[in-house]
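*Asks:* Take a look at input.tsv, TSV, C-alpha atoms:
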chain	number	residue	atom	x	y	z
Z	1	MET	CA	-9.17	-25.52	-25.19
Z	2	SER	CA	-9.92	-21.85	-25.97
Z	3	GLU	CA	-7.15	-19.30	-25.57
Z	4	ARG	CA	-7.76	-16.64	-22.97
Z	5	LYS	CA	-6.95	-13.19	-24.31
Z	6	THR	CA	-6.19	-9.96	-22.53
Z	7	LEU	CA	-8.98	-7.41	-22.43
Z	8	PRO	CA	-8.72	-3.77	-23.57
Z	9	GLY	CA	-7.20	-1.67	-20.81
Z	10	TYR	CA	-4.82	-4.38	-19.60
Z	11	ARG	CA	-1.67	-2.49	-20.56
Z	12	LEU	CA	-3.02	0.74	-19.10
Z	13	ALA	CA	-3.86	-1.05	-15.85
Z	14	LEU	CA	-0.39	-2.62	-15.78
Z	15	PHE	CA	1.17	0.81	-16.29
Z	16	ALA	CA	-1.03	2.25	-13.53
Z	17	THR	CA	0.07	-0.53	-11.16
Z	18	ALA	CA	3.75	0.23	-11.84
Z	19	LEU	CA	3.07	3.94	-11.39
Z	20	ALA	CA	1.28	3.24	-8.09
Z	21	VAL	CA	4.41	1.44	-6.83
Z	22	VAL	CA	6.43	4.57	-7.63
Z	23	VAL	CA	3.88	6.79	-5.86
Z	24	VAL	CA	3.94	4.59	-2.73
Z	25	LEU	CA	7.75	4.70	-2.62
Z	26	LEU	CA	7.82	8.46	-3.23
Z	27	GLY	CA	5.33	8.89	-0.40
Z	28	ALA	CA	7.59	6.87	1.89
Z	29	TYR	CA	10.63	8.88	0.81
Z	30	THR	CA	8.77	12.15	1.43
Z	31	ARG	CA	7.69	11.02	4.88
Z	32	LEU	CA	11.10	9.65	5.86
Z	33	THR	CA	12.93	12.82	4.77
Z	34	HIS	CA	10.51	14.85	6.94
Z	35	ALA	CA	9.25	16.65	3.83
Z	36	GLY	CA	5.53	16.17	4.51
Z	37	LEU	CA	5.29	19.91	5.18
Z	38	GLY	CA	7.86	20.82	2.54
Z	39	CYS	CA	5.05	22.84	0.99
Z	40	PRO	CA	2.75	24.40	3.60
Z	41	ASP	CA	-0.21	24.65	1.20
Z	42	TRP	CA	-2.02	22.37	-1.23
Z	43	PRO	CA	-2.08	21.61	-4.16
Z	44	GLY	CA	0.60	24.20	-4.95
Z	45	CYS	CA	3.74	25.11	-3.07
Z	46	TYR	CA	3.80	28.50	-1.34
Z	47	GLY	CA	1.17	29.62	-3.84
Z	48	PHE	CA	3.15	28.47	-6.89
Z	49	ILE	CA	2.72	25.39	-9.10
Z	50	GLY	CA	6.29	24.38	-8.22
Z	51	VAL	CA	8.82	25.07	-5.50
Z	52	PRO	CA	9.83	28.76	-5.56
Z	53	MET	CA	13.42	28.88	-6.77
Z	54	SER	CA	14.20	32.52	-7.54
Z	55	GLU	CA	15.01	35.02	-4.81
Z	56	HIS	CA	11.93	37.06	-5.70
Z	57	LYS	CA	9.59	34.06	-5.45
Z	58	GLN	CA	11.14	32.93	-2.18
Z	59	THR	CA	10.63	36.40	-0.74
Z	60	LEU	CA	6.95	36.24	-1.72
Z	61	ALA	CA	6.70	32.74	-0.26
Z	62	GLU	CA	8.07	33.86	3.10
Z	63	GLU	CA	5.66	36.80	3.12
Z	64	ARG	CA	2.73	34.46	2.48
Z	65	PHE	CA	3.88	31.82	4.98
Z	66	PRO	CA	6.08	33.53	7.57
Z	67	HIS	CA	6.02	30.48	9.86
Z	68	ALA	CA	7.20	28.08	7.13
Z	69	PRO	CA	10.59	29.10	5.72
Z	70	VAL	CA	11.36	27.74	2.26
Z	71	GLU	CA	13.40	24.51	2.19
Z	72	VAL	CA	13.94	23.79	-1.49
Z	73	GLU	CA	14.95	20.14	-1.19
Z	74	LYS	CA	12.01	19.20	1.03
Z	75	GLY	CA	9.68	21.21	-1.18
Z	76	TRP	CA	10.74	19.27	-4.28
Z	77	ASN	CA	10.41	15.96	-2.45
Z	78	GLU	CA	6.81	16.84	-1.71
Z	79	MET	CA	5.97	18.26	-5.13
Z	80	VAL	CA	7.47	15.36	-7.11
Z	81	HIS	CA	5.28	13.04	-5.05
Z	82	ARG	CA	2.25	15.20	-5.85
Z	83	TYR	CA	3.05	15.27	-9.58
Z	84	PHE	CA	3.29	11.48	-9.77
Z	85	ALA	CA	0.16	11.03	-7.63
Z	86	GLY	CA	-1.75	13.45	-9.87
Z	87	THR	CA	-0.66	11.55	-12.97
Z	88	LEU	CA	-1.80	8.30	-11.39
Z	89	GLY	CA	-5.19	9.85	-10.68
Z	90	LEU	CA	-5.59	10.79	-14.35
Z	91	VAL	CA	-4.65	7.28	-15.47
Z	92	ILE	CA	-7.22	5.78	-13.09
Z	93	LEU	CA	-9.80	8.21	-14.46
Z	94	GLY	CA	-8.96	6.90	-17.92
Z	95	LEU	CA	-9.49	3.32	-16.75
Z	96	ALA	CA	-12.88	4.26	-15.28
Z	97	VAL	CA	-13.98	6.01	-18.48
Z	98	GLN	CA	-12.89	3.03	-20.57
Z	99	ALA	CA	-14.80	0.67	-18.27
Z	100	LEU	CA	-17.96	2.76	-18.62
Z	101	ARG	CA	-17.64	2.75	-22.40
Z	102	ARG	CA	-17.21	-1.03	-22.48
Z	103	ARG	CA	-19.76	-1.86	-19.77
Z	104	GLY	CA	-21.67	-5.01	-20.62
Z	105	SER	CA	-18.80	-6.36	-22.72
Z	106	ASP	CA	-17.71	-9.91	-21.95
Z	107	GLY	CA	-15.29	-9.97	-19.02
Z	108	GLN	CA	-15.08	-6.19	-18.59
Z	109	PRO	CA	-14.99	-5.19	-14.88
Z	110	LEU	CA	-17.02	-2.09	-14.07
Z	111	LYS	CA	-17.32	-1.88	-10.28
Z	112	LEU	CA	-13.58	-2.25	-9.69
Z	113	PRO	CA	-12.47	0.70	-11.90
Z	114	LEU	CA	-15.20	2.89	-10.37
Z	115	LEU	CA	-14.11	1.84	-6.88
Z	116	LEU	CA	-10.54	2.77	-7.80
Z	117	LEU	CA	-11.69	6.18	-8.95
Z	118	GLY	CA	-13.43	6.70	-5.61
Z	119	VAL	CA	-10.36	5.57	-3.66
Z	120	VAL	CA	-7.96	7.83	-5.55
Z	121	THR	CA	-10.35	10.77	-5.09
Z	122	ALA	CA	-10.35	10.11	-1.34
Z	123	GLN	CA	-6.56	9.86	-1.51
Z	124	ALA	CA	-6.37	13.37	-2.95
Z	125	ALA	CA	-8.46	14.60	-0.02
Z	126	PHE	CA	-6.22	12.85	2.50
Z	127	GLY	CA	-3.18	14.33	0.76
Z	128	MET	CA	-4.65	17.78	1.26
Z	129	TRP	CA	-5.56	17.07	4.91
Z	130	THR	CA	-2.05	15.75	5.57
Z	131	VAL	CA	-0.82	19.28	4.89
Z	132	THR	CA	-3.71	21.35	6.24
Z	133	LEU	CA	-3.93	19.31	9.47
Z	134	GLN	CA	-0.15	19.53	9.93
Z	135	LEU	CA	0.76	15.81	9.71
Z	136	TRP	CA	-1.95	14.63	12.10
Z	137	PRO	CA	-0.95	10.93	12.50
Z	138	GLN	CA	-4.46	9.59	11.94
Z	139	VAL	CA	-4.61	11.31	8.55
Z	140	VAL	CA	-1.04	10.35	7.61
Z	141	THR	CA	-1.74	6.69	8.41
Z	142	ALA	CA	-5.02	6.75	6.48
Z	143	HIS	CA	-3.20	8.33	3.54
Z	144	LEU	CA	-0.60	5.56	3.60
Z	145	LEU	CA	-3.32	2.89	3.75
Z	146	GLY	CA	-5.08	4.57	0.85
Z	147	GLY	CA	-1.91	4.34	-1.22
Z	148	PHE	CA	-1.53	0.62	-0.53
Z	149	THR	CA	-5.24	0.10	-1.23
Z	150	THR	CA	-4.91	1.84	-4.59
Z	151	LEU	CA	-1.92	-0.33	-5.47
Z	152	ALA	CA	-3.64	-3.57	-4.47
Z	153	LEU	CA	-6.84	-2.74	-6.38
Z	154	LEU	CA	-4.88	-1.77	-9.49
Z	155	PHE	CA	-3.00	-5.06	-9.33
Z	156	LEU	CA	-6.29	-6.92	-8.96
Z	157	LEU	CA	-7.70	-5.06	-11.97
Z	158	THR	CA	-4.58	-5.94	-13.96
Z	159	LEU	CA	-5.02	-9.62	-13.08
Z	160	ARG	CA	-8.65	-9.56	-14.16
Z	161	LEU	CA	-7.94	-7.80	-17.45
Z	162	SER	CA	-5.05	-10.15	-18.20
Z	163	GLY	CA	-7.46	-13.00	-18.88
Z	164	ALA	CA	-5.00	-15.39	-17.28
Z	165	LEU	CA	-4.70	-17.28	-14.00
Z	166	SER	CA	-8.06	-19.01	-13.79
Z	167	PRO	CA	-9.32	-19.95	-10.30
Z	168	LEU	CA	-8.10	-23.18	-8.73
Z	169	ALA	CA	-11.51	-24.63	-7.95
Z	170	GLN	CA	-10.29	-27.95	-6.57
Z	171	LEU	CA	-8.72	-26.41	-3.46
Z	172	SER	CA	-10.30	-26.57	0.00
Z	173	ALA	CA	-12.36	-23.81	1.56
Z	174	ARG	CA	-10.02	-23.89	4.59
Z	175	LEU	CA	-7.08	-22.88	2.42
Z	176	ARG	CA	-9.10	-19.98	0.99
Z	177	LEU	CA	-10.05	-18.92	4.51
Z	178	LEU	CA	-6.42	-19.02	5.64
Z	179	ALA	CA	-5.31	-16.97	2.63
Z	180	GLY	CA	-8.02	-14.39	3.31
Z	181	ALA	CA	-7.05	-14.17	6.98
Z	182	ALA	CA	-3.39	-13.72	6.00
Z	183	LEU	CA	-4.33	-10.86	3.69
Z	184	LEU	CA	-6.33	-9.14	6.44
Z	185	LEU	CA	-3.46	-9.55	8.91
Z	186	ALA	CA	-1.03	-8.09	6.39
Z	187	ILE	CA	-3.28	-5.06	5.95
Z	188	GLY	CA	-3.41	-4.65	9.72
Z	189	GLN	CA	0.38	-4.87	9.92
Z	190	ILE	CA	0.72	-2.22	7.20
Z	191	ALA	CA	-1.61	0.01	9.21
Z	192	LEU	CA	0.58	-0.55	12.29
Z	193	GLY	CA	3.64	0.30	10.22
Z	194	GLY	CA	1.97	3.52	9.15
Z	195	TRP	CA	1.17	4.32	12.78
Z	196	VAL	CA	4.81	3.69	13.71
Z	197	SER	CA	6.01	6.01	10.96
Z	198	SER	CA	3.48	8.79	11.52
Z	199	ASN	CA	4.29	8.84	15.26
Z	200	TYR	CA	8.08	8.68	14.67
Z	201	ALA	CA	8.36	5.46	16.66
Z	202	ALA	CA	10.61	3.50	14.29
Z	203	VAL	CA	13.68	4.01	16.49
Z	204	ALA	CA	11.85	3.78	19.81
Z	205	CYS	CA	13.71	0.48	20.28
Z	206	VAL	CA	17.25	0.13	18.94
Z	207	ASP	CA	18.02	-3.44	20.01
Z	208	LEU	CA	16.75	-6.90	19.09
Z	209	PRO	CA	15.14	-9.12	20.20
Z	210	THR	CA	14.77	-7.06	23.38
Z	211	CYS	CA	13.84	-3.39	23.62
Z	212	HIS	CA	15.91	-1.13	25.91
Z	213	GLY	CA	17.53	-4.35	27.07
Z	214	GLU	CA	14.20	-5.73	28.36
Z	215	TRP	CA	11.77	-8.26	26.98
Z	216	TRP	CA	8.81	-6.18	28.15
Z	217	PRO	CA	9.92	-2.53	28.60
Z	218	ALA	CA	7.83	0.27	30.08
Z	219	MET	CA	5.06	1.07	27.62
Z	220	ASP	CA	2.13	3.51	27.49
Z	221	PHE	CA	-0.50	1.92	25.24
Z	222	ALA	CA	-3.21	4.40	26.24
Z	223	ASN	CA	-1.36	7.38	24.78
Z	224	GLY	CA	0.37	5.39	22.06
Z	225	PHE	CA	-2.98	4.41	20.55
Z	226	HIS	CA	-5.03	7.43	21.62
Z	227	LEU	CA	-6.73	8.14	18.28
Z	228	THR	CA	-8.16	11.52	19.30
Z	229	GLN	CA	-5.11	13.00	20.97
Z	230	HIS	CA	-4.58	16.76	20.89
Z	231	ILE	CA	-1.74	17.98	18.70
Z	232	GLY	CA	0.19	21.23	18.65
Z	233	PRO	CA	0.91	23.60	15.77
Z	234	ASN	CA	2.20	20.64	13.74
Z	235	TYR	CA	3.19	17.03	14.29
Z	236	LEU	CA	6.56	17.12	12.55
Z	237	GLY	CA	8.93	15.00	14.66
Z	238	GLY	CA	6.06	13.69	16.80
Z	239	GLN	CA	4.86	14.68	20.24
Z	240	LEU	CA	4.50	11.38	22.13
Z	241	ASP	CA	6.78	10.50	25.03
Z	242	SER	CA	9.19	7.56	24.97
Z	243	ASP	CA	6.89	5.03	26.64
Z	244	ALA	CA	4.07	5.72	24.18
Z	245	ARG	CA	6.37	5.35	21.17
Z	246	THR	CA	7.79	2.15	22.66
Z	247	ALA	CA	4.26	0.75	22.94
Z	248	ILE	CA	3.64	1.49	19.24
Z	249	HIS	CA	6.96	-0.01	18.18
Z	250	MET	CA	6.52	-3.19	20.25
Z	251	THR	CA	2.98	-3.70	18.95
Z	252	HIS	CA	4.34	-3.56	15.40
Z	253	ARG	CA	7.01	-6.11	16.33
Z	254	LEU	CA	4.47	-8.48	17.87
Z	255	GLY	CA	2.26	-8.04	14.82
Z	256	ALA	CA	5.19	-9.00	12.62
Z	257	VAL	CA	5.70	-12.21	14.61
Z	258	VAL	CA	2.01	-13.18	14.36
Z	259	LEU	CA	1.85	-12.38	10.65
Z	260	SER	CA	5.06	-14.31	9.97
Z	261	LEU	CA	3.70	-17.42	11.68
Z	262	VAL	CA	0.45	-17.23	9.71
Z	263	LEU	CA	2.32	-16.73	6.42
Z	264	LEU	CA	4.60	-19.69	7.17
Z	265	LEU	CA	1.50	-21.82	7.78
Z	266	LEU	CA	-0.04	-20.55	4.55
Z	267	ALA	CA	3.14	-21.35	2.59
Z	268	TRP	CA	3.18	-24.87	4.05
Z	269	ARG	CA	-0.48	-25.42	3.13
Z	270	LEU	CA	0.10	-24.07	-0.39
Z	271	ARG	CA	3.03	-26.40	-0.90
Z	272	ALA	CA	0.98	-29.34	0.36
Z	273	ALA	CA	-1.71	-28.41	-2.18
Z	274	GLY	CA	0.80	-28.57	-5.03
Z	275	LEU	CA	1.30	-24.82	-5.33
Z	276	GLY	CA	5.01	-24.76	-4.66
Z	277	ARG	CA	5.70	-21.68	-6.78
Z	278	LEU	CA	3.19	-19.55	-4.89
Z	279	ALA	CA	4.55	-20.87	-1.60
Z	280	GLY	CA	8.12	-20.06	-2.63
Z	281	LEU	CA	7.16	-16.57	-3.76
Z	282	LEU	CA	5.43	-15.93	-0.44
Z	283	LEU	CA	8.42	-17.18	1.57
Z	284	LEU	CA	10.82	-15.04	-0.44
Z	285	ALA	CA	8.73	-11.89	0.08
Z	286	LEU	CA	8.41	-12.64	3.79
Z	287	ALA	CA	12.14	-13.29	4.25
Z	288	VAL	CA	13.09	-10.05	2.52
Z	289	GLN	CA	10.59	-8.01	4.52
Z	290	VAL	CA	11.65	-9.47	7.88
Z	291	SER	CA	15.31	-8.86	7.02
Z	292	LEU	CA	14.58	-5.24	6.14
Z	293	GLY	CA	12.63	-4.74	9.37
Z	294	VAL	CA	15.49	-6.13	11.46
Z	295	SER	CA	17.98	-3.97	9.55
Z	296	ASN	CA	15.90	-0.87	10.24
Z	297	VAL	CA	16.27	-1.45	13.98
Z	298	LEU	CA	19.92	-2.51	14.10
Z	299	LEU	CA	21.12	0.16	11.63
Z	300	HIS	CA	18.95	2.91	13.19
Z	301	LEU	CA	16.61	3.52	10.25
Z	302	PRO	CA	18.87	4.30	7.26
Z	303	LEU	CA	16.85	6.02	4.55
Z	304	ALA	CA	17.46	3.45	1.80
Z	305	VAL	CA	16.52	0.51	4.05
Z	306	ALA	CA	13.44	2.31	5.39
Z	307	VAL	CA	12.16	3.02	1.86
Z	308	ALA	CA	12.95	-0.58	0.86
Z	309	HIS	CA	10.91	-1.77	3.88
Z	310	ASN	CA	7.91	0.07	2.44
Z	311	ALA	CA	8.58	-1.59	-0.92
Z	312	GLY	CA	8.77	-4.94	0.84
Z	313	GLY	CA	5.42	-4.36	2.49
Z	314	ALA	CA	3.88	-3.50	-0.88
Z	315	THR	CA	5.40	-6.62	-2.45
Z	316	LEU	CA	4.11	-8.87	0.32
Z	317	LEU	CA	0.65	-7.34	-0.06
Z	318	LEU	CA	0.63	-7.97	-3.83
Z	319	VAL	CA	1.79	-11.56	-3.37
Z	320	LEU	CA	-1.13	-12.15	-1.00
Z	321	VAL	CA	-3.54	-10.51	-3.46
Z	322	LEU	CA	-2.21	-12.86	-6.15
Z	323	ILE	CA	-2.63	-15.90	-3.90
Z	324	ASN	CA	-6.20	-14.97	-2.98
Z	325	TYR	CA	-6.95	-14.30	-6.66
Z	326	ARG	CA	-5.76	-17.80	-7.61
Z	327	LEU	CA	-7.72	-19.37	-4.75
Z	328	ARG	CA	-10.94	-17.50	-5.46
Z	329	ARG	CA	-14.19	-19.41	-5.81
Z	330	VAL	CA	-15.54	-20.24	-9.25
Z	331	THR	CA	-18.69	-18.18	-9.87
Z	332	SER	CA	-21.76	-19.55	-11.60
Z	333	SER	CA	-21.03	-17.44	-14.67
Z	334	ALA	CA	-17.50	-18.81	-14.83
Z	335	ARG	CA	-18.86	-22.37	-14.57
Z	336	ALA	CA	-21.29	-21.65	-17.40
Z	337	ALA	CA	-18.50	-20.26	-19.55
Z	338	ARG	CA	-16.37	-23.35	-18.91
Z	339	ALA	CA	-19.28	-25.63	-19.71
Z	340	ALA	CA	-19.86	-23.79	-22.98
Z	341	THR	CA	-16.19	-24.14	-23.87
Z	342	VAL	CA	-16.22	-27.87	-23.15
Z	343	ALA	CA	-19.40	-28.31	-25.16
Z	344	SER	CA	-17.93	-26.50	-28.16
Z	345	VAL	CA	-14.84	-28.71	-28.02
Z	346	LEU	CA	-16.79	-31.99	-27.68
Z	347	ALA	CA	-19.50	-31.15	-30.24
Z	348	PRO	CA	-17.48	-32.28	-33.32
Z	349	VAL	CA	-16.71	-35.61	-31.58
Z	350	GLY	CA	-20.38	-36.50	-31.34
Z	351	LYS	CA	-21.06	-35.96	-35.03
Is it possible to give me this structure as structure tokens?

*Replies:*
Amino acid sequence: MSERKTLPGYRLALFATALAVVVVLLGAYTRLTHAGLGCPDWPGCYGFIGVPMSEHKQTLAEERFPHAPVEVEKGWNEMVHRYFAGTLGLVILGLAVQALRRRGSDGQPLKLPLLLLGVVTAQAAFGMWTVTLQLWPQVVTAHLLGGFTTLALLFLLTLRLSGALSPLAQLSARLRLLAGAALLLAIGQIALGGWVSSNYAAVACVDLPTCHGEWWPAMDFANGFHLTQHIGPNYLGGQLDSDARTAIHMTHRLGAVVLSLVLLLLAWRLRAAGLGRLAGLLLLALAVQVSLGVSNVLLHLPLAVAVAHNAGGATLLLVLVLINYRLRRVTSSARAARAATVASVLAPVGK
């Protein structure tokens, strides 16, 4: 058998994936500490490249932005996130340039690095609009989804450049379909989580398994999911009433139940197919994420647990990307490469 080797760019892609995890967590920390408007402008902070620290600079900042008094801690939360996100963008640019230079080389992905460059460019735009549109929830949610998309695509690129984990061609198409559906449901649940966070609905219900002591409390779905709602000067703290936030929160809960059932079914099918390690990894990620979600409600959204819940969502997403990568179909080019390898191994036997 021939040894599969890593391709150039693997280590850079692996570093970018780790950096993307940090950026996602910093974004969650910024959002949860209400520092999304810690700097009222973009890409700088009150017209400076960093948070104004001296008395003179803070005086200038307040003159430039009289309606946004300087809060140093929130400003640094925002700027540190921007610094890391900017660095990630440069690393992704490097991956795209390297892919262009090596285009046509055996095994070198080209479309995926270019797609990543497009996604991270859009992410920069959404980061700007998050500030300029004053935390409009649609933009904040899209920005969060963009961060998770960047992370997932970087992980996929890392897997492809690793040269390892060949597809499991003997598995059924139904299992592939189930894994794909689970991935789509997880993405939808992440979007719902972003909508909960951007509308400040995480503590709309503070009891489990009921909400306000009822199994089906009063809820306003029309306003809770009104995607073109009018907003005021800014959306810091949210503007929806209690019933609308309850509708958002309960939808996220119900989504979690549906996703959990599908993931349990997927784990059972993986185990039945002889993929016990993948099934165990999926169950572990699911158990941790559900535990964190329950803790968020019962402990009234402590910062550490809330950030960890974002990390859990990212982990669950990456596990599902890994599962779908292992279950992917064998392409004709891959079959040809395998046939060539077998032929080269058997050739000496026939002599």

*Asks:* Please determine, counting all atoms listed in the file, which residue among Z:Val131, Z:Gly224, Z:Leu12, Z:Leu26 has the shortest atom-to-atom distance to Leu93 (chain Z).

*Replies:* Z:Leu12

*Asks:* Quick one: distance from CA of Leu282 (chain Z) to CA of Phe148 (chain Z) in Å, one decimal?

*Replies:* 18.0 Å

*Asks:* May I have the residues within 8 Å of region 303-314 of chain Z as a JSON list (two decimals) with C-alpha atoms, in the coordinates of the input, using all atoms listed in the file and disregarding those fewer than 5 positions away in the same chain?

*Replies:*
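Generated output (part-v8.json):
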[["chain", "number", "residue", "atom", "x", "y", "z"],
["Z", 21, "VAL", "CA", 4.41, 1.44, -6.83],
["Z", 24, "VAL", "CA", 3.94, 4.59, -2.73],
["Z", 25, "LEU", "CA", 7.75, 4.70, -2.62],
["Z", 28, "ALA", "CA", 7.59, 6.87, 1.89],
["Z", 29, "TYR", "CA", 10.63, 8.88, 0.81],
["Z", 32, "LEU", "CA", 11.10, 9.65, 5.86],
["Z", 33, "THR", "CA", 12.93, 12.82, 4.77],
["Z", 148, "PHE", "CA", -1.53, 0.62, -0.53],
["Z", 190, "ILE", "CA", 0.72, -2.22, 7.20],
["Z", 285, "ALA", "CA", 8.73, -11.89, 0.08],
["Z", 288, "VAL", "CA", 13.09, -10.05, 2.52],
["Z", 289, "GLN", "CA", 10.59, -8.01, 4.52],
["Z", 292, "LEU", "CA", 14.58, -5.24, 6.14],
["Z", 293, "GLY", "CA", 12.63, -4.74, 9.37],
["Z", 295, "SER", "CA", 17.98, -3.97, 9.55],
["Z", 296, "ASN", "CA", 15.90, -0.87, 10.24]]

*Asks:* At a cut-off of 10 Å, using all atoms listed in the file, what residues contact region 267-270 of chain Z? Leave out same-chain residues fewer than 4 positions from it and give the result as an MDAnalysis selection string.

*Replies:* chainID Z and resid 171 174:175 178:179 261:263 274:283 323

*Asks:* Calculated over all atoms listed in the file, which of the candidates Z:Leu327, Z:Phe225, Z:Ala20, Z:Leu318 has the smallest distance to Thr87 (chain Z)?

*Replies:*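 Distance minimum relative to Thr87 (chain Z) lands on Z:Ala20.
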
*Asks:* Could you produce a table of the residues of region 235-340 of chain Z lying within 10 Å of region 156-160 of chain Z, with the nearest pair of atoms per residue and their separation in Å rounded to one decimal, using all atoms listed in the file, ordered by chain and increasing residue number, as a tab-separated table?

*Replies:*
residue	atom	partner	partner_atom	distance
Z:Leu318	CA	Z:Leu156	CA	8.7
Z:Val321	CA	Z:Leu156	CA	7.1
Z:Leu322	CA	Z:Leu156	CA	7.7
Z:Tyr325	CA	Z:Leu156	CA	7.8
Z:Arg326	CA	Z:Leu159	CA	9.9

*Asks:* Those same residues - C-alpha atoms - I'd like them written as a compact mmCIF listing (two decimals), in the coordinates of the input.

*Replies:*
# COMPACT_ATOMS: atom_id res chain seq x y z
CA LEU Z 318 0.63 -7.97 -3.83
CA VAL Z 321 -3.54 -10.51 -3.46
CA LEU Z 322 -2.21 -12.86 -6.15
CA TYR Z 325 -6.95 -14.30 -6.66
CA ARG Z 326 -5.76 -17.80 -7.61

*Asks:* Residues within 10 Å of Ala181 (chain Z), please, as a PDB file with C-alpha atoms, keeping the file's coordinate frame. Count all atoms listed in the file; anything in the same chain fewer than 4 positions from it doesn't count.

*Replies:*
ATOM      1  CA  LEU Z 175      -7.080 -22.880   2.420  1.00  0.00           C
ATOM      2  CA  ARG Z 176      -9.100 -19.980   0.990  1.00  0.00           C
ATOM      3  CA  LEU Z 177     -10.050 -18.920   4.510  1.00  0.00           C
ATOM      4  CA  LEU Z 185      -3.460  -9.550   8.910  1.00  0.00           C
ATOM      5  CA  ALA Z 186      -1.030  -8.090   6.390  1.00  0.00           C
ATOM      6  CA  ILE Z 187      -3.280  -5.060   5.950  1.00  0.00           C
ATOM      7  CA  LEU Z 259       1.850 -12.380  10.650  1.00  0.00           C
ATOM      8  CA  VAL Z 262       0.450 -17.230   9.710  1.00  0.00           C
ATOM      9  CA  LEU Z 263       2.320 -16.730   6.420  1.00  0.00           C
ATOM     10  CA  LEU Z 266      -0.040 -20.550   4.550  1.00  0.00           C
TER      11      LEU Z 266
END

*Asks:* Of the candidates Z:Pro43, Z:Pro109, Z:Pro217, Z:Pro302, which one gets nearest to Ser242 (chain Z) if we count only C-alpha atoms?

*Replies:* Z:Pro217

*Asks:* List every protein, DNA or RNA residue with an atom no more than 7 Å from (4.1, -5.0, 11.0) in the file's coordinates, counting all atoms listed in the file, and format the result as an NGL selection string.

*Replies:* :Z and (189-190 or 192-193 or 252-253 or 255-256)

*Asks:* Could you work out how far CA of Ala164 (chain Z) lies from CA of Ala96 (chain Z), giving the answer in Å with one decimal?

*Replies:*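 Going from CA of Ala96 (chain Z) over to CA of Ala164 (chain Z), I get 21.3 Å.
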
*Asks:* Compile the contact shell of region 197-202 of chain Z as a VMD selection string: residues with an atom at most 6 Å away, counting all atoms listed in the file, same-chain residues fewer than 2 positions apart removed.

*Replies:* chain Z and resid 137 194 to 195 204 238 245 249

*Asks:* What is the distance, in Å and to one decimal place, between CA of Gly188 (chain Z) and CA of Val258 (chain Z)?

*Replies:*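 Here the two named atoms are 11.1 Å from each other.
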
*Asks:* Of the residues Z:Pro209, Z:Val80, Z:Leu301, Z:Leu153, which is the one nearest to Lys111 (chain Z), using all atoms listed in the file?

*Replies:*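 Among Z:Pro209, Z:Val80, Z:Leu301, Z:Leu153, it is Z:Leu153 that comes nearest to Lys111 (chain Z).
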
*Asks:* Could you give me, as a JSON list (two decimals) with C-alpha atoms, keeping the file's coordinate frame, the residues within 10 Å of Val70 (chain Z), counting all atoms listed in the file and dropping anything in the same chain fewer than 2 positions from it?

*Replies:*
[["chain", "number", "residue", "atom", "x", "y", "z"],
["Z", 38, "GLY", "CA", 7.86, 20.82, 2.54],
["Z", 39, "CYS", "CA", 5.05, 22.84, 0.99],
["Z", 40, "PRO", "CA", 2.75, 24.40, 3.60],
["Z", 45, "CYS", "CA", 3.74, 25.11, -3.07],
["Z", 46, "TYR", "CA", 3.80, 28.50, -1.34],
["Z", 51, "VAL", "CA", 8.82, 25.07, -5.50],
["Z", 52, "PRO", "CA", 9.83, 28.76, -5.56],
["Z", 53, "MET", "CA", 13.42, 28.88, -6.77],
["Z", 58, "GLN", "CA", 11.14, 32.93, -2.18],
["Z", 59, "THR", "CA", 10.63, 36.40, -0.74],
["Z", 61, "ALA", "CA", 6.70, 32.74, -0.26],
["Z", 62, "GLU", "CA", 8.07, 33.86, 3.10],
["Z", 65, "PHE", "CA", 3.88, 31.82, 4.98],
["Z", 66, "PRO", "CA", 6.08, 33.53, 7.57],
["Z", 67, "HIS", "CA", 6.02, 30.48, 9.86],
["Z", 68, "ALA", "CA", 7.20, 28.08, 7.13],
["Z", 72, "VAL", "CA", 13.94, 23.79, -1.49],
["Z", 73, "GLU", "CA", 14.95, 20.14, -1.19],
["Z", 74, "LYS", "CA", 12.01, 19.20, 1.03],
["Z", 75, "GLY", "CA", 9.68, 21.21, -1.18]]

*Asks:* Can you fill out region 53-59 of chain Z with N, CA and C atoms and hand it back as a PDB file, keeping the file's coordinate frame?

*Replies:*
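rebuild-v3.pdb written:
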ATOM      1  N   MET Z  53      11.974  29.021  -6.651  1.00  0.00           N
ATOM      2  CA  MET Z  53      13.420  28.880  -6.770  1.00  0.00           C
ATOM      3  C   MET Z  53      14.145  30.224  -6.796  1.00  0.00           C
ATOM      4  N   SER Z  54      13.525  31.230  -7.438  1.00  0.00           N
ATOM      5  CA  SER Z  54      14.200  32.520  -7.540  1.00  0.00           C
ATOM      6  C   SER Z  54      14.116  33.276  -6.219  1.00  0.00           C
ATOM      7  N   GLU Z  55      15.000  34.233  -6.044  1.00  0.00           N
ATOM      8  CA  GLU Z  55      15.010  35.020  -4.810  1.00  0.00           C
ATOM      9  C   GLU Z  55      13.711  35.790  -4.645  1.00  0.00           C
ATOM     10  N   HIS Z  56      13.174  36.307  -5.770  1.00  0.00           N
ATOM     11  CA  HIS Z  56      11.930  37.060  -5.700  1.00  0.00           C
ATOM     12  C   HIS Z  56      10.772  36.166  -5.242  1.00  0.00           C
ATOM     13  N   LYS Z  57      10.671  34.963  -5.825  1.00  0.00           N
ATOM     14  CA  LYS Z  57       9.590  34.060  -5.450  1.00  0.00           C
ATOM     15  C   LYS Z  57       9.727  33.583  -4.002  1.00  0.00           C
ATOM     16  N   GLN Z  58      10.942  33.358  -3.556  1.00  0.00           N
ATOM     17  CA  GLN Z  58      11.140  32.930  -2.180  1.00  0.00           C
ATOM     18  C   GLN Z  58      10.796  34.030  -1.190  1.00  0.00           C
ATOM     19  N   THR Z  59      11.032  35.273  -1.586  1.00  0.00           N
ATOM     20  CA  THR Z  59      10.630  36.400  -0.740  1.00  0.00           C
ATOM     21  C   THR Z  59       9.119  36.454  -0.611  1.00  0.00           C
TER      22      THR Z  59
END
